[in-house]
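Source file upload.tsv; content: TSV, C-alpha atoms.
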chain	number	residue	atom	x	y	z
A	1124	MET	CA	-12.97	-0.53	-40.64
A	1125	PRO	CA	-15.13	-0.82	-37.48
A	1126	GLU	CA	-16.28	2.42	-35.91
A	1127	PHE	CA	-14.92	1.41	-32.50
A	1128	GLN	CA	-11.59	-0.31	-31.88
A	1129	THR	CA	-9.32	-0.82	-28.89
A	1130	SER	CA	-7.34	2.20	-27.73
A	1131	PRO	CA	-3.59	2.35	-28.49
A	1132	GLY	CA	-1.68	-0.01	-26.23
A	1133	MET	CA	-4.83	-1.99	-25.39
A	1134	ARG	CA	-5.97	-5.20	-27.06
A	1135	ASP	CA	-8.45	-8.05	-26.88
A	1136	ILE	CA	-7.16	-11.47	-25.79
A	1137	LEU	CA	-9.19	-14.10	-27.65
A	1138	ALA	CA	-9.23	-17.88	-27.34
A	1139	PRO	CA	-7.09	-19.92	-27.36
A	1140	GLU	CA	-4.60	-17.29	-26.11
A	1141	SER	CA	-6.98	-16.32	-23.29
A	1142	ALA	CA	-6.87	-19.93	-22.07
A	1143	ARG	CA	-3.08	-19.73	-22.13
A	1144	TRP	CA	-3.16	-16.62	-19.93
A	1145	ARG	CA	-5.45	-18.37	-17.47
A	1146	ALA	CA	-3.17	-21.42	-17.41
A	1147	PHE	CA	-0.17	-19.12	-16.81
A	1148	VAL	CA	-1.78	-17.61	-13.71
A	1149	GLU	CA	-2.97	-21.00	-12.48
A	1150	LEU	CA	0.55	-22.42	-12.79
A	1151	PHE	CA	1.99	-19.44	-10.92
A	1152	ALA	CA	-0.65	-19.83	-8.21
A	1153	GLY	CA	0.33	-23.47	-7.78
A	1154	VAL	CA	4.01	-22.62	-7.37
A	1155	ALA	CA	3.33	-19.78	-4.92
A	1156	GLU	CA	0.74	-21.61	-2.83
A	1157	SER	CA	3.01	-24.65	-2.49
A	1158	ALA	CA	5.24	-22.35	-0.41
A	1159	GLY	CA	2.48	-20.96	1.79
A	1160	TYR	CA	1.67	-17.80	-0.18
A	1161	ARG	CA	-1.98	-16.81	-0.34
A	1162	GLN	CA	-3.72	-14.71	-2.96
A	1163	ILE	CA	-4.62	-11.07	-2.49
A	1164	MET	CA	-6.91	-9.32	-4.97
A	1165	SER	CA	-6.42	-5.56	-4.73
A	1166	PRO	CA	-8.58	-3.00	-6.59
A	1167	LEU	CA	-7.59	-1.60	-9.95
A	1168	LEU	CA	-8.41	1.90	-8.68
A	1169	GLU	CA	-6.54	3.48	-5.78
A	1170	ASP	CA	-6.12	6.92	-4.27
A	1171	LEU	CA	-3.47	8.72	-6.29
A	1172	GLY	CA	-1.38	9.18	-3.14
A	1173	VAL	CA	-0.78	5.42	-2.87
A	1174	PHE	CA	1.32	5.53	-6.02
A	1175	GLN	CA	2.84	8.95	-5.44
A	1176	ARG	CA	4.62	7.33	-2.49
A	1177	ILE	CA	6.61	5.34	-5.06
A	1178	GLY	CA	8.62	8.53	-5.64
A	1179	ASP	CA	8.63	11.54	-7.93
A	1180	ALA	CA	11.89	10.42	-9.56
A	1181	THR	CA	10.20	7.62	-11.47
A	1182	ASP	CA	8.40	7.92	-14.80
A	1183	ILE	CA	5.56	5.82	-13.38
A	1184	VAL	CA	4.56	8.76	-11.20
A	1185	THR	CA	5.58	11.71	-13.37
A	1186	LYS	CA	4.49	10.55	-16.84
A	1187	GLU	CA	2.73	7.21	-17.01
A	1188	MET	CA	-0.18	7.05	-14.58
A	1189	TYR	CA	-3.78	7.10	-15.73
A	1190	ASP	CA	-5.16	9.44	-13.05
A	1191	PHE	CA	-8.36	11.46	-12.84
A	1192	VAL	CA	-10.80	13.04	-10.41
A	1193	ASP	CA	-13.82	10.79	-9.90
A	1194	LYS	CA	-17.44	11.85	-9.42
A	1195	GLY	CA	-16.91	12.11	-5.69
A	1196	GLY	CA	-14.07	14.57	-6.11
A	1197	ARG	CA	-11.37	12.02	-5.20
A	1198	HIS	CA	-8.10	12.08	-7.18
A	1199	VAL	CA	-7.60	8.42	-8.13
A	1200	ALA	CA	-5.37	6.39	-10.44
A	1201	LEU	CA	-5.56	3.10	-12.29
A	1202	ARG	CA	-3.04	0.75	-10.73
A	1203	PRO	CA	0.39	1.04	-12.48
A	1204	GLU	CA	2.01	-1.66	-10.31
A	1205	LEU	CA	1.11	-4.11	-7.56
A	1206	THR	CA	3.56	-3.55	-4.70
A	1207	ALA	CA	2.17	-0.21	-3.53
A	1208	SER	CA	-1.40	-1.56	-3.53
A	1209	ILE	CA	-0.34	-4.59	-1.50
A	1210	CYS	CA	1.50	-2.41	1.02
A	1211	ARG	CA	-1.59	-0.20	1.31
A	1212	ALA	CA	-3.66	-3.32	2.00
A	1213	TYR	CA	-1.19	-4.37	4.69
A	1214	VAL	CA	-1.48	-0.98	6.41
A	1215	GLN	CA	-5.27	-1.10	6.20
A	1216	HIS	CA	-5.79	-4.68	7.41
A	1217	ARG	CA	-2.64	-5.34	9.50
A	1218	PRO	CA	-2.36	-9.13	9.00
A	1219	ALA	CA	0.09	-11.20	11.04
A	1220	THR	CA	3.66	-11.23	9.78
A	1221	PRO	CA	5.43	-12.56	7.88
A	1222	TRP	CA	2.62	-11.85	5.43
A	1223	LYS	CA	3.23	-13.97	2.33
A	1224	VAL	CA	0.97	-13.13	-0.61
A	1225	TRP	CA	0.75	-13.52	-4.35
A	1226	SER	CA	-1.30	-11.52	-6.79
A	1227	ALA	CA	-2.15	-11.28	-10.48
A	1228	GLY	CA	-3.91	-8.79	-12.67
A	1229	SER	CA	-3.81	-5.84	-15.00
A	1230	GLN	CA	-1.73	-2.70	-14.56
A	1231	PHE	CA	-1.96	0.52	-16.58
A	1232	ARG	CA	0.84	2.80	-17.75
A	1233	TYR	CA	0.68	5.45	-20.44
A	1234	GLU	CA	3.87	4.60	-22.31
A	1235	ARG	CA	4.86	3.97	-25.90
A	1236	PRO	CA	3.48	0.59	-27.03
A	1237	GLN	CA	5.96	-1.86	-28.54
A	1238	ARG	CA	6.57	-5.60	-28.75
A	1239	GLY	CA	5.95	-7.06	-25.32
A	1240	ARG	CA	4.88	-3.70	-23.85
A	1241	TYR	CA	1.32	-2.43	-23.68
A	1242	ARG	CA	-0.53	0.30	-21.82
A	1243	GLN	CA	-2.68	-2.33	-20.17
A	1244	PHE	CA	-0.51	-5.27	-19.19
A	1245	ASP	CA	-0.76	-8.18	-16.80
A	1246	GLN	CA	1.66	-9.27	-14.11
A	1247	VAL	CA	1.97	-11.94	-11.47
A	1248	ASP	CA	3.51	-10.88	-8.18
A	1249	ILE	CA	4.86	-12.19	-4.88
A	1250	GLU	CA	5.43	-10.12	-1.73
A	1251	VAL	CA	6.59	-10.91	1.81
A	1252	LEU	CA	6.11	-8.24	4.46
A	1253	GLY	CA	7.54	-8.33	7.96
A	1254	SER	CA	10.79	-10.34	7.72
A	1255	ASN	CA	14.43	-9.21	7.47
A	1256	ASP	CA	15.78	-12.73	6.91
A	1257	PRO	CA	17.98	-12.93	3.77
A	1258	PHE	CA	16.71	-16.44	3.17
A	1259	VAL	CA	13.26	-14.95	2.53
A	1260	ASP	CA	14.90	-13.20	-0.43
A	1261	VAL	CA	16.31	-16.55	-1.52
A	1262	GLU	CA	12.88	-18.20	-1.21
A	1263	ILE	CA	11.07	-15.77	-3.45
A	1264	ILE	CA	13.87	-15.76	-6.05
A	1265	ALA	CA	13.74	-19.56	-6.00
A	1266	LEU	CA	9.98	-19.50	-6.54
A	1267	GLY	CA	10.45	-17.29	-9.60
A	1268	TRP	CA	13.12	-19.65	-10.90
A	1269	GLU	CA	10.89	-22.67	-10.23
A	1270	PHE	CA	8.03	-21.02	-12.10
A	1271	PHE	CA	10.18	-20.47	-15.21
A	1272	ARG	CA	11.27	-24.11	-15.03
A	1273	ALA	CA	7.62	-25.17	-14.77
A	1274	LEU	CA	6.81	-23.15	-17.90
A	1275	GLY	CA	9.57	-25.04	-19.70
A	1276	LEU	CA	11.87	-22.02	-20.11
A	1277	ARG	CA	15.57	-22.81	-20.06
A	1278	GLN	CA	17.14	-19.65	-21.49
A	1279	VAL	CA	16.61	-17.47	-18.43
A	1280	THR	CA	19.42	-15.62	-16.68
A	1281	LEU	CA	19.21	-14.46	-13.07
A	1282	LEU	CA	21.06	-11.25	-12.19
A	1283	VAL	CA	21.47	-10.20	-8.55
A	1284	ASN	CA	22.91	-7.23	-6.74
A	1285	SER	CA	22.62	-5.43	-3.41
A	1286	LEU	CA	22.05	-1.77	-2.62
A	1287	GLY	CA	23.29	-2.24	0.93
A	1288	GLU	CA	22.04	-0.35	3.96
A	1289	PRO	CA	20.48	3.11	3.55
A	1290	GLU	CA	23.74	4.78	4.62
A	1291	ASP	CA	25.70	2.69	2.09
A	1292	ARG	CA	23.28	3.62	-0.61
A	1293	ALA	CA	23.43	7.32	0.26
A	1294	ARG	CA	27.24	7.34	-0.02
A	1295	TYR	CA	27.02	5.45	-3.30
A	1296	VAL	CA	24.43	7.80	-4.79
A	1297	GLU	CA	26.64	10.77	-3.96
A	1298	ALA	CA	29.64	9.09	-5.58
A	1299	LEU	CA	27.56	8.41	-8.71
A	1300	ARG	CA	26.36	11.98	-8.81
A	1301	VAL	CA	29.91	13.34	-8.66
A	1302	TYR	CA	31.08	10.85	-11.29
A	1303	PHE	CA	28.28	11.52	-13.80
A	1304	GLU	CA	28.42	15.29	-13.31
A	1305	ALA	CA	32.15	15.18	-14.06
A	1306	ASN	CA	31.28	13.36	-17.32
A	1307	LEU	CA	28.07	15.22	-18.11
A	1308	GLY	CA	29.10	15.91	-21.70
A	1309	SER	CA	29.26	12.19	-22.43
A	1310	LEU	CA	25.78	11.40	-21.08
A	1311	SER	CA	22.74	11.21	-23.32
A	1312	PRO	CA	20.36	14.16	-22.86
A	1313	GLU	CA	17.76	11.85	-21.33
A	1314	SER	CA	20.23	10.52	-18.74
A	1315	ALA	CA	21.44	14.04	-17.98
A	1316	THR	CA	17.84	14.90	-17.08
A	1317	THR	CA	17.51	11.73	-15.00
A	1318	LEU	CA	20.69	12.63	-13.12
A	1319	GLN	CA	19.04	15.73	-11.73
A	1320	LYS	CA	16.34	13.55	-10.15
A	1321	ASN	CA	18.14	10.36	-9.13
A	1322	ALA	CA	21.68	9.30	-10.03
A	1323	LEU	CA	20.83	5.62	-9.55
A	1324	ARG	CA	18.33	5.74	-12.37
A	1325	VAL	CA	21.08	6.62	-14.83
A	1326	LEU	CA	22.38	3.06	-14.40
A	1327	ASP	CA	19.08	1.79	-15.88
A	1328	SER	CA	19.80	3.46	-19.23
A	1329	LYS	CA	19.98	1.11	-22.21
A	1330	ARG	CA	21.06	3.89	-24.60
A	1331	PRO	CA	24.27	3.01	-26.48
A	1332	GLU	CA	25.84	6.42	-25.82
A	1333	ASP	CA	25.62	5.81	-22.05
A	1334	ALA	CA	27.02	2.27	-22.05
A	1335	ALA	CA	30.76	3.04	-21.69
A	1336	LEU	CA	30.21	5.61	-18.97
A	1337	ILE	CA	27.96	3.27	-16.98
A	1338	ALA	CA	30.47	0.44	-17.35
A	1339	SER	CA	33.16	2.59	-15.69
A	1340	ALA	CA	30.91	4.01	-12.95
A	1341	PRO	CA	31.61	3.40	-9.25
A	1342	ARG	CA	30.43	0.03	-7.92
A	1343	ILE	CA	28.02	-0.28	-5.02
A	1344	ALA	CA	30.06	-3.17	-3.54
A	1345	ASP	CA	32.80	-0.69	-2.64
A	1346	PHE	CA	30.37	1.08	-0.29
A	1347	TYR	CA	28.90	-1.88	1.62
A	1348	SER	CA	28.97	-1.92	5.40
A	1349	ALA	CA	29.98	-5.18	7.06
A	1350	GLU	CA	26.31	-5.95	7.76
A	1351	ALA	CA	25.26	-5.32	4.15
A	1352	ALA	CA	28.11	-7.46	2.81
A	1353	ALA	CA	27.11	-10.31	5.13
A	1354	PHE	CA	23.45	-10.06	4.11
A	1355	PHE	CA	24.33	-10.23	0.41
A	1356	GLU	CA	26.70	-13.13	1.04
A	1357	SER	CA	23.85	-15.03	2.72
A	1358	VAL	CA	21.61	-14.47	-0.31
A	1359	GLN	CA	24.30	-15.73	-2.68
A	1360	SER	CA	25.05	-18.73	-0.46
A	1361	GLY	CA	21.37	-19.63	-0.36
A	1362	LEU	CA	21.03	-19.50	-4.14
A	1363	THR	CA	24.16	-21.62	-4.52
A	1364	ALA	CA	22.83	-24.15	-2.01
A	1365	LEU	CA	19.68	-24.51	-4.13
A	1366	GLY	CA	21.66	-24.92	-7.32
A	1367	ILE	CA	20.25	-21.76	-8.89
A	1368	PRO	CA	22.76	-20.14	-11.26
A	1369	PHE	CA	23.13	-16.37	-11.02
A	1370	ARG	CA	25.43	-13.53	-11.96
A	1371	VAL	CA	26.20	-10.48	-9.81
A	1372	ASP	CA	25.53	-7.32	-11.83
A	1373	SER	CA	26.60	-4.16	-10.03
A	1374	SER	CA	24.55	-1.97	-12.40
A	1375	LEU	CA	21.31	-3.67	-11.36
A	1376	VAL	CA	19.65	-1.12	-9.10
A	1377	ARG	CA	16.28	0.12	-8.03
A	1378	GLY	CA	16.05	3.89	-8.17
A	1379	LEU	CA	13.32	4.26	-5.54
A	1380	ASP	CA	14.32	5.55	-2.12
A	1381	TYR	CA	12.90	2.64	-0.13
A	1382	TYR	CA	14.85	-0.12	-1.91
A	1383	ARG	CA	17.82	-1.63	-0.07
A	1384	HIS	CA	19.81	-4.84	0.07
A	1385	THR	CA	18.79	-7.43	-2.54
A	1386	THR	CA	17.81	-6.52	-6.09
A	1387	PHE	CA	17.35	-9.08	-8.84
A	1388	GLU	CA	16.12	-9.50	-12.39
A	1389	PHE	CA	15.17	-12.44	-14.61
A	1390	GLN	CA	16.19	-11.94	-18.24
A	1391	GLY	CA	14.98	-13.90	-21.27
A	1392	GLY	CA	17.88	-15.09	-23.40
A	1393	THR	CA	15.85	-15.07	-26.62
A	1394	LEU	CA	14.63	-11.48	-26.32
A	1395	GLY	CA	16.36	-8.32	-27.53
A	1396	SER	CA	18.75	-6.85	-24.97
A	1397	ALA	CA	16.77	-3.62	-24.62
A	1398	GLN	CA	13.54	-5.45	-23.71
A	1399	ASN	CA	14.75	-8.73	-22.22
A	1400	ALA	CA	13.59	-8.31	-18.61
A	1401	LEU	CA	10.92	-10.89	-17.81
A	1402	GLY	CA	10.54	-9.46	-14.33
A	1403	GLY	CA	12.38	-8.73	-11.15
A	1404	GLY	CA	12.21	-7.20	-7.74
A	1405	GLY	CA	14.06	-6.58	-4.55
A	1406	ARG	CA	13.97	-5.80	-0.86
A	1407	TYR	CA	12.35	-2.58	0.25
A	1408	ASP	CA	11.80	-0.73	3.49
A	1409	GLY	CA	9.98	2.51	4.04
A	1410	LEU	CA	7.05	2.04	1.66
A	1411	VAL	CA	4.75	0.73	4.38
A	1412	GLU	CA	5.78	3.66	6.58
A	1413	ALA	CA	5.14	6.11	3.74
A	1414	LEU	CA	1.60	4.75	3.53
A	1415	GLY	CA	0.98	5.32	7.22
A	1416	GLY	CA	2.01	1.96	8.65
A	1417	PRO	CA	4.72	0.85	11.09
A	1418	ALA	CA	8.31	0.23	10.03
A	1419	THR	CA	7.98	-3.01	8.08
A	1420	PRO	CA	10.55	-4.67	5.83
A	1421	GLY	CA	9.38	-6.15	2.54
A	1422	VAL	CA	10.66	-8.05	-0.43
A	1423	GLY	CA	8.95	-9.10	-3.64
A	1424	PHE	CA	8.95	-9.41	-7.40
A	1425	ALA	CA	6.64	-9.04	-10.39
A	1426	LEU	CA	6.76	-10.93	-13.69
A	1427	GLY	CA	5.16	-9.75	-16.91
A	1428	LEU	CA	2.88	-12.15	-18.80
A	1429	ASP	CA	3.50	-10.68	-22.24
A	1430	ARG	CA	7.27	-10.87	-22.32
A	1431	THR	CA	7.36	-14.21	-20.54
A	1432	LEU	CA	4.96	-15.68	-23.09
A	1433	LEU	CA	7.08	-14.20	-25.90
A	1434	ALA	CA	10.04	-16.05	-24.40
A	1435	CYS	CA	7.92	-19.22	-24.27
A	1436	ASP	CA	7.09	-18.80	-27.96
A	1437	ASP	CA	10.77	-18.34	-28.79
A	1438	GLU	CA	11.69	-21.51	-26.92
A	1439	GLY	CA	8.67	-23.45	-28.19
A	1440	VAL	CA	7.22	-24.18	-24.73
A	1441	PHE	CA	3.95	-23.59	-22.85
A	1442	ALA	CA	1.69	-23.57	-25.88
A	1443	ALA	CA	-1.94	-22.53	-25.61
A	1444	PRO	CA	-3.96	-25.39	-24.10
A	1445	SER	CA	-6.70	-27.06	-26.09
A	1446	VAL	CA	-10.12	-25.51	-25.59
A	1447	ASP	CA	-11.95	-28.13	-27.67
A	1448	VAL	CA	-15.00	-29.79	-26.19
A	1449	ASP	CA	-15.22	-33.55	-25.72
A	1450	VAL	CA	-18.58	-34.09	-27.41
A	1451	PHE	CA	-20.76	-32.32	-29.96
A	1452	VAL	CA	-24.45	-33.20	-29.93
A	1453	VAL	CA	-26.29	-33.31	-33.26
A	1454	ASP	CA	-30.08	-33.29	-32.91
A	1455	THR	CA	-32.44	-33.34	-35.89
A	1456	THR	CA	-35.59	-33.83	-33.79
A	1457	GLY	CA	-36.13	-30.20	-32.77
A	1458	GLY	CA	-33.34	-29.52	-30.30
A	1459	LEU	CA	-34.92	-30.48	-26.99
A	1460	GLU	CA	-32.94	-33.73	-26.75
A	1461	ALA	CA	-29.69	-31.84	-27.44
A	1462	LEU	CA	-30.62	-29.49	-24.60
A	1463	ARG	CA	-31.15	-32.40	-22.21
A	1464	ILE	CA	-28.08	-34.37	-23.29
A	1465	THR	CA	-25.60	-31.48	-23.17
A	1466	ALA	CA	-26.84	-30.58	-19.68
A	1467	GLU	CA	-26.40	-34.19	-18.50
A	1468	LEU	CA	-22.93	-34.48	-20.04
A	1469	ARG	CA	-21.71	-31.23	-18.48
A	1470	ALA	CA	-23.07	-32.27	-15.09
A	1471	ALA	CA	-21.05	-35.49	-15.45
A	1472	GLY	CA	-17.85	-33.55	-16.21
A	1473	ILE	CA	-17.90	-34.13	-19.99
A	1474	SER	CA	-17.59	-30.87	-21.94
A	1475	SER	CA	-20.10	-30.59	-24.74
A	1476	ASP	CA	-21.55	-28.22	-27.31
A	1477	ARG	CA	-24.39	-28.21	-29.85
A	1478	SER	CA	-25.92	-26.28	-32.72
A	1479	PHE	CA	-29.00	-24.11	-32.44
A	1480	GLU	CA	-31.75	-22.90	-34.79
A	1481	GLN	CA	-32.68	-26.44	-35.93
A	1482	ARG	CA	-30.08	-26.62	-38.67
A	1483	SER	CA	-29.75	-29.51	-41.08
A	1484	MET	CA	-27.79	-32.67	-40.29
A	1485	LYS	CA	-25.07	-31.60	-42.77
A	1486	SER	CA	-24.74	-28.16	-41.20
A	1487	GLN	CA	-24.61	-29.60	-37.69
A	1488	MET	CA	-21.96	-32.14	-38.64
A	1489	LYS	CA	-19.79	-29.34	-40.08
A	1490	ALA	CA	-20.17	-27.48	-36.81
A	1491	ALA	CA	-19.24	-30.64	-34.92
A	1492	ASP	CA	-16.05	-30.97	-36.95
A	1493	ARG	CA	-15.12	-27.32	-36.35
A	1494	SER	CA	-15.66	-27.70	-32.61
A	1495	GLY	CA	-12.69	-30.04	-32.25
A	1496	ALA	CA	-14.85	-32.53	-30.37
A	1497	LYS	CA	-13.63	-36.11	-30.20
A	1498	PHE	CA	-17.10	-37.62	-30.51
A	1499	GLY	CA	-20.42	-36.71	-32.01
A	1500	VAL	CA	-23.65	-37.81	-30.38
A	1501	ILE	CA	-26.42	-37.99	-32.98
A	1502	ILE	CA	-30.15	-38.10	-32.31
A	1503	GLY	CA	-32.59	-38.55	-35.16
A	1504	THR	CA	-36.22	-39.59	-35.18
A	1505	ASP	CA	-35.35	-43.30	-35.17
A	1506	GLU	CA	-33.00	-42.88	-32.19
A	1507	LEU	CA	-35.56	-40.81	-30.31
A	1508	ASP	CA	-38.26	-43.46	-30.82
A	1509	ALA	CA	-35.86	-46.20	-29.68
A	1510	SER	CA	-34.47	-44.22	-26.69
A	1511	ALA	CA	-31.04	-44.57	-28.25
A	1512	VAL	CA	-28.21	-42.37	-29.58
A	1513	VAL	CA	-25.46	-42.77	-32.17
A	1514	VAL	CA	-21.91	-42.11	-31.01
A	1515	ARG	CA	-19.52	-41.31	-33.88
A	1516	PRO	CA	-15.73	-40.71	-33.58
A	1517	LEU	CA	-14.88	-37.33	-35.17
A	1518	ARG	CA	-11.10	-37.04	-34.96
A	1519	ALA	CA	-8.67	-38.79	-37.28
A	1520	ASP	CA	-7.04	-40.71	-34.42
A	1521	ASP	CA	-10.44	-41.92	-33.21
A	1522	ARG	CA	-11.96	-42.87	-36.56
A	1523	SER	CA	-10.43	-46.32	-36.52
A	1524	GLY	CA	-13.47	-47.23	-34.46
A	1525	THR	CA	-16.89	-47.38	-36.08
A	1526	GLN	CA	-19.93	-45.48	-34.89
A	1527	SER	CA	-22.11	-47.23	-32.35
A	1528	THR	CA	-25.79	-47.11	-31.50
A	1529	ILE	CA	-26.23	-47.41	-27.76
A	1530	PRO	CA	-29.10	-47.07	-25.27
A	1531	ARG	CA	-29.69	-43.49	-24.21
A	1532	THR	CA	-29.21	-44.50	-20.55
A	1533	ASP	CA	-25.70	-45.85	-21.26
A	1534	LEU	CA	-24.39	-42.66	-22.92
A	1535	ILE	CA	-22.44	-41.16	-20.03
A	1536	SER	CA	-20.71	-44.40	-18.99
A	1537	TYR	CA	-19.91	-45.16	-22.65
A	1538	LEU	CA	-18.37	-41.73	-23.26
A	1539	LYS	CA	-16.38	-41.73	-20.02
A	1540	LYS	CA	-14.79	-45.03	-21.01
A	1541	ALA	CA	-14.16	-43.83	-24.58
A	1542	LEU	CA	-12.59	-40.56	-23.40
A	1543	SER	CA	-10.36	-42.13	-20.76

Encoding of this model in structure tokens:
Amino acid sequence: MPEFQTSPGMRDILAPESARWRAFVELFAGVAESAGYRQIMSPLLEDLGVFQRIGDATDIVTKEMYDFVDKGGRHVALRPELTASICRAYVQHRPATPWKVWSAGSQFRYERPQRGRYRQFDQVDIEVLGSNDPFVDVEIIALGWEFFRALGLRQVTLLVNSLGEPEDRARYVEALRVYFEANLGSLSPESATTLQKNALRVLDSKRPEDAALIASAPRIADFYSAEAAAFFESVQSGLTALGIPFRVDSSLVRGLDYYRHTTFEFQGGTLGSAQNALGGGGRYDGLVEALGGPATPGVGFALGLDRTLLACDDEGVFAAPSVDVDVFVVDTTGGLEALRITAELRAAGISSDRSFEQRSMKSQMKAADRSGAKFGVIIGTDELDASAVVVRPLRADDRSGTQSTIPRTDLISYLKKALS
């Protein structure tokens, strides 16, 4: 066993899976940027206070953050989520609103590793700051839905809910507290502890012993003001107008104090019910203010790469892209010609590889076959003297053609035609 290995909950992403991750982010970027969202790249390391503003009632703050005092005496944390960092950036730079951004990158949470959950994990994210329009909520939900369609996923369920106005939410939280305290003996010990911090968070429990009690709990819809009901109706009407199927789930909440109005979650139909959330988000107010900025509404979502790719595997879609090169150059004349040819091919947009250390023709041809290249370009002494090269098809579907000896000057045009 190697002396050094990855830490628990961390892992290496090797090719071709690394190419799949890159393609995932590139596809998401295309969907987001088609709607006018622009990328923000926030630092992995932030002042601890940025994330403490999320709220002390969440495990992210109380248990899961990787935080430490740096060499300058600053108490900092590795980023556990993207929204707080993006809101901090808004406060610092004050861009024009509505500020529509997307982001991607690694987050860090010290939690128990399991299938689809790691201590270092990647997400893609969309945020809009500075607009109270319910159709902004519809737009970002639609972009998430469009992204899943673009991946090829079809077994995705969209759940939506609303937390109403702050006053509605406050009345609801009190009603939940009274209800759960009256049934404290039926709650799991973990949920009983959660109740002391935030009654809303009890609704997030996936523990079987809590299920019946949660199913009979008060419903937020009974506490909506007229304005909150109208806002939620607009969101639902917008989704219906776009033909996006959804289900209202009154237990879908966000336990943080600044969340209000729309909440939503995308669930993968092929994943286990306890870990089936591909991502989600909602509308929030107050976070920008908590970070020292002006009162600014916001709405956004984050999607996890790991679980979404697990769902893709289950449905047999969005496979890892090919990372094979187009051409492998075999040079038995010392290697200088291979150096020149691979450089010329790459400059012309033709991916290419070669062997090193002046290996034998047999060894180089084995390497060419392993590379996945469609064609081999062979240079021996005779070819070098004649300023020519041999082009040999390497793949089974290309071997119907015979190898050809062509002038060295015609190589790029020949290969471009052959590869088209």

**Message:** Neighbouring residues of A:Leu1318 were defined as those with any atom within 12 Å, considering only C-alpha atoms; residues of the same chain fewer than 5 positions away were excluded. Please report them as a list in words.
**Reply:**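 Using only C-alpha atoms, the neighbours found are Ala1180, Thr1181, Val1296, Glu1297, Leu1299, Arg1300, Val1301, Tyr1302, Phe1303, Glu1304, Ala1305, Asn1306, Leu1307, Leu1310, Ser1311, Pro1312, Glu1313, Leu1323, Arg1324, Val1325, Leu1326, Asp1327, Ser1328 and Gly1378 of chain A.
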
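Among the candidates A:Met1124, A:Met1188, A:Ala1315, A:Val1371, the residue lying nearest to A:Arg1202 is A:Met1188 (atoms considered: all atoms listed in the file).
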
**Message:** Show me, as JSON, numbers by chain, the residues that have an atom within 9 Å of A:Leu1252 when counting all atoms listed in the file, minus same-chain residues fewer than 3 positions from it.
**Reply:** {"A": [1210, 1213, 1220, 1221, 1222, 1223, 1224, 1255, 1419, 1420, 1421, 1422, 1423]}

**Prompt:** Which residue out of A:Leu1150, A:Cys1435, A:Ala1227, A:Val1192 has the minimum interatomic distance to A:Pro1166 when all atoms listed in the file are used?
**Reply:** A:Ala1227

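In this model, the gap between atom CA of A:Phe1389 and atom CA of A:Gly1267 comes to 8.4 Å.
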
**Message:** Need the shell around A:His1384: protein/DNA/RNA residues with any atom at most 10 Å away, counting all atoms listed in the file. Skip same-chain ones fewer than 5 positions apart. Format as a list in words?
**Reply:**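 After dropping sequence-adjacent residues, the list is Pro1257, Asp1260, Asn1284, Ser1285, Leu1286, Gly1287, Glu1288, Pro1289, Asp1291, Arg1292, Tyr1347, Ala1351, Ala1352, Phe1354, Phe1355, Val1358, Val1376, Gly1405, Arg1406, Tyr1407, Asp1408 and Val1422 of chain A.
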
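Taking atom CA of A:Gly1392 and atom CA of A:Tyr1233 as endpoints, the distance between them is 27.0 Å.
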
**Item:** Neighbour list for stretch 1449-1464 of chain A as an NGL selection string, cut-off 10 Å, all atoms listed in the file, skip fewer than 3 positions in-chain
**Value:** :A and (1446 or 1467-1470 or 1472-1488 or 1490-1507 or 1512-1517 or 1531 or 1534-1535 or 1538 or 1542)

**Message:** What does the structure give for the distance between atom CA of A:Pro1331 and atom CA of A:Gln1319, in Å to one decimal?
**Reply:**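 Value for the atom CA of A:Pro1331-atom CA of A:Gln1319 distance: 20.2 Å.
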
**Which residue of A:Gly1391, A:Gly1403, A:Gly1361, A:Pro1341 approaches A:Arg1377 most closely, using all atoms listed in the file** = A:Gly1403

**From A:Thr1465, A:Ala1434, A:Ser1536, A:Ser1445, residue lying nearest A:Ala1142 [all atoms listed in the file]** =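 The answer is A:Ser1445, which sits nearest to A:Ala1142.
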